[in-house]
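Chemist: Dropping the structure in here first, questions after.
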Amino acid sequence: MIKVILLGSGNVATHLFQAFSKVDEIEVVQVFSRTVSKDFPETLQTSDFSKIVEADVYIICVSDNAISSVSSQLQFENRLVVHTSGSSDLNALDSKNNKGVFYPLQTFTKNKAVDFSEIPICLEAESVSDYTVLEKVAKTISKKVIAISGEQRKALHVSAVFVCNFTNHLYAIGNTICIENNIPFEILQPLIKETAQKIQSLSPSEAQTGPAVRNDQKTIEKHIDFLTNENLKEIYKILTKSIQNG
């Protein structure tokens with residue numbers, strides 16, 4: 001049995017707790033939370049650094065700018081402490097403990113269930129022995145465990161922002177345009193699904209369609225003229241130029 005402590009009570013911590021709770025090999029012995037959270041048993045929670053108990057792995061699940069603060073306040077040494085950030089390197093963690101990264105590559109929302117077995121977990125550690133422990137933990141909940149360097153993880157995180165966060169923002173723009181023109185956004189959902197499914201068998205560049213890739217200037221100009229918001233006009237022009245430049 002591998003004993004794990006989660007430090008944080010946000011989306012990542014909540015989903016990790018739910019995933020670990022379903023396997024026999026992991027015991028979450030404590031959750032550190034500034035305030036009592038309904039997402040974890042109250043008996044497991046503490047808000048006092050001095051009351052954090054001993055475990056095999058301490059997983060810090062907080063915002064990037066809080067990682068250093070949390071790790072520096074831990075009142076023990078020479079234990080395995082990891083963070084779950086895609087963009088922060090090992091040096092964000094205090095050097096008094098063994099450092100590592102346990103990065104699940106997924107977008108998490110508390111009330112939206114995910115299948116953790118399909119989520120890639122990217123690992124990094126300072127030693128082979130620490131990596132082995134993290135690998136054992138990761139493999140209890142995921143079929144896709146990958147060793148990735150700090151630089152690779154940063155590149156992966158930037159890529160994830162493009163394919164997830166920016167794409168979702170474009171969905172929001174499309175939704176706004178639909179609302180303004182009394183069109184249900186649901187009409188676009190089959191198109192969204194097909195676009196996502198195509199890249200299972202084609203590269204993104206091969207799957208690209210639309211007026212930009214066809215160099216259909218008449219349609220492009222009609223679209224720009226239709227948009228009244230100058231910010232959206234600029235976004236449309238930038239994305240069109242990016243597609244055409246390949």
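Numbering starts fresh at 1 for the residues of each chain in the structure tokens, the chains themselves are lettered A, B, ... in the order given, and ligands are numbered from 1 as they appear.
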Within 9 Å of Cys61 of chain A, counting only C-alpha atoms, which residues qualify if same-chain residues fewer than 5 places away don't, as a list of chain:residue names?
Modeler: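 Residues near the query, excluding close chain neighbours: A:Leu6, A:Leu7, A:Gly8, A:Ser9, A:Gly10, A:Asn11, A:Val12, A:Ala13, A:Ile67, A:Val82, A:His83, A:Thr84, A:Ser85.
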Chemist: Which residues in segment 2-234 of chain A does DSSP call alpha helix (DSSP H)? List them as JSON, numbers by chain.
Modeler: {"A": [11, 12, 13, 14, 15, 16, 17, 18, 19, 20, 67, 68, 69, 70, 71, 72, 73, 128, 129, 130, 131, 132, 133, 134, 135, 136, 137, 138, 139, 150, 151, 152, 153, 154, 155, 156, 157, 158, 159, 160, 167, 168, 169, 170, 171, 172, 173, 174, 175, 176, 177, 178, 179, 180, 189, 190, 191, 192, 193, 194, 195, 196, 197, 198, 204, 205, 206, 207, 211, 212, 213, 214, 217, 218, 219, 220, 221, 222, 223, 224, 225, 226, 230, 231, 232, 233, 234]}
Chemist: Using only C-alpha atoms for the distances, tell me which of A:Ser69, A:Gln30, A:Gln18, A:Ser88 is nearest to Thr43 of chain A.
Modeler: A:Gln30
Chemist: Choose the residue, out of A:Ser142, A:Ser129, A:Asn111, A:Gln106, that has the smallest atom-to-atom separation from Asn165 of chain A; count only C-alpha atoms.
Modeler: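 Ranked by minimum distance to Asn165 of chain A, first place goes to A:Gln106.
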Chemist: Under the rule that only C-alpha atoms are counted, which of A:Asp216, A:Asp89, A:Asp48, A:Glu230 is the nearest residue to Leu123 of chain A?
Modeler: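 Closest candidate: A:Asp89.
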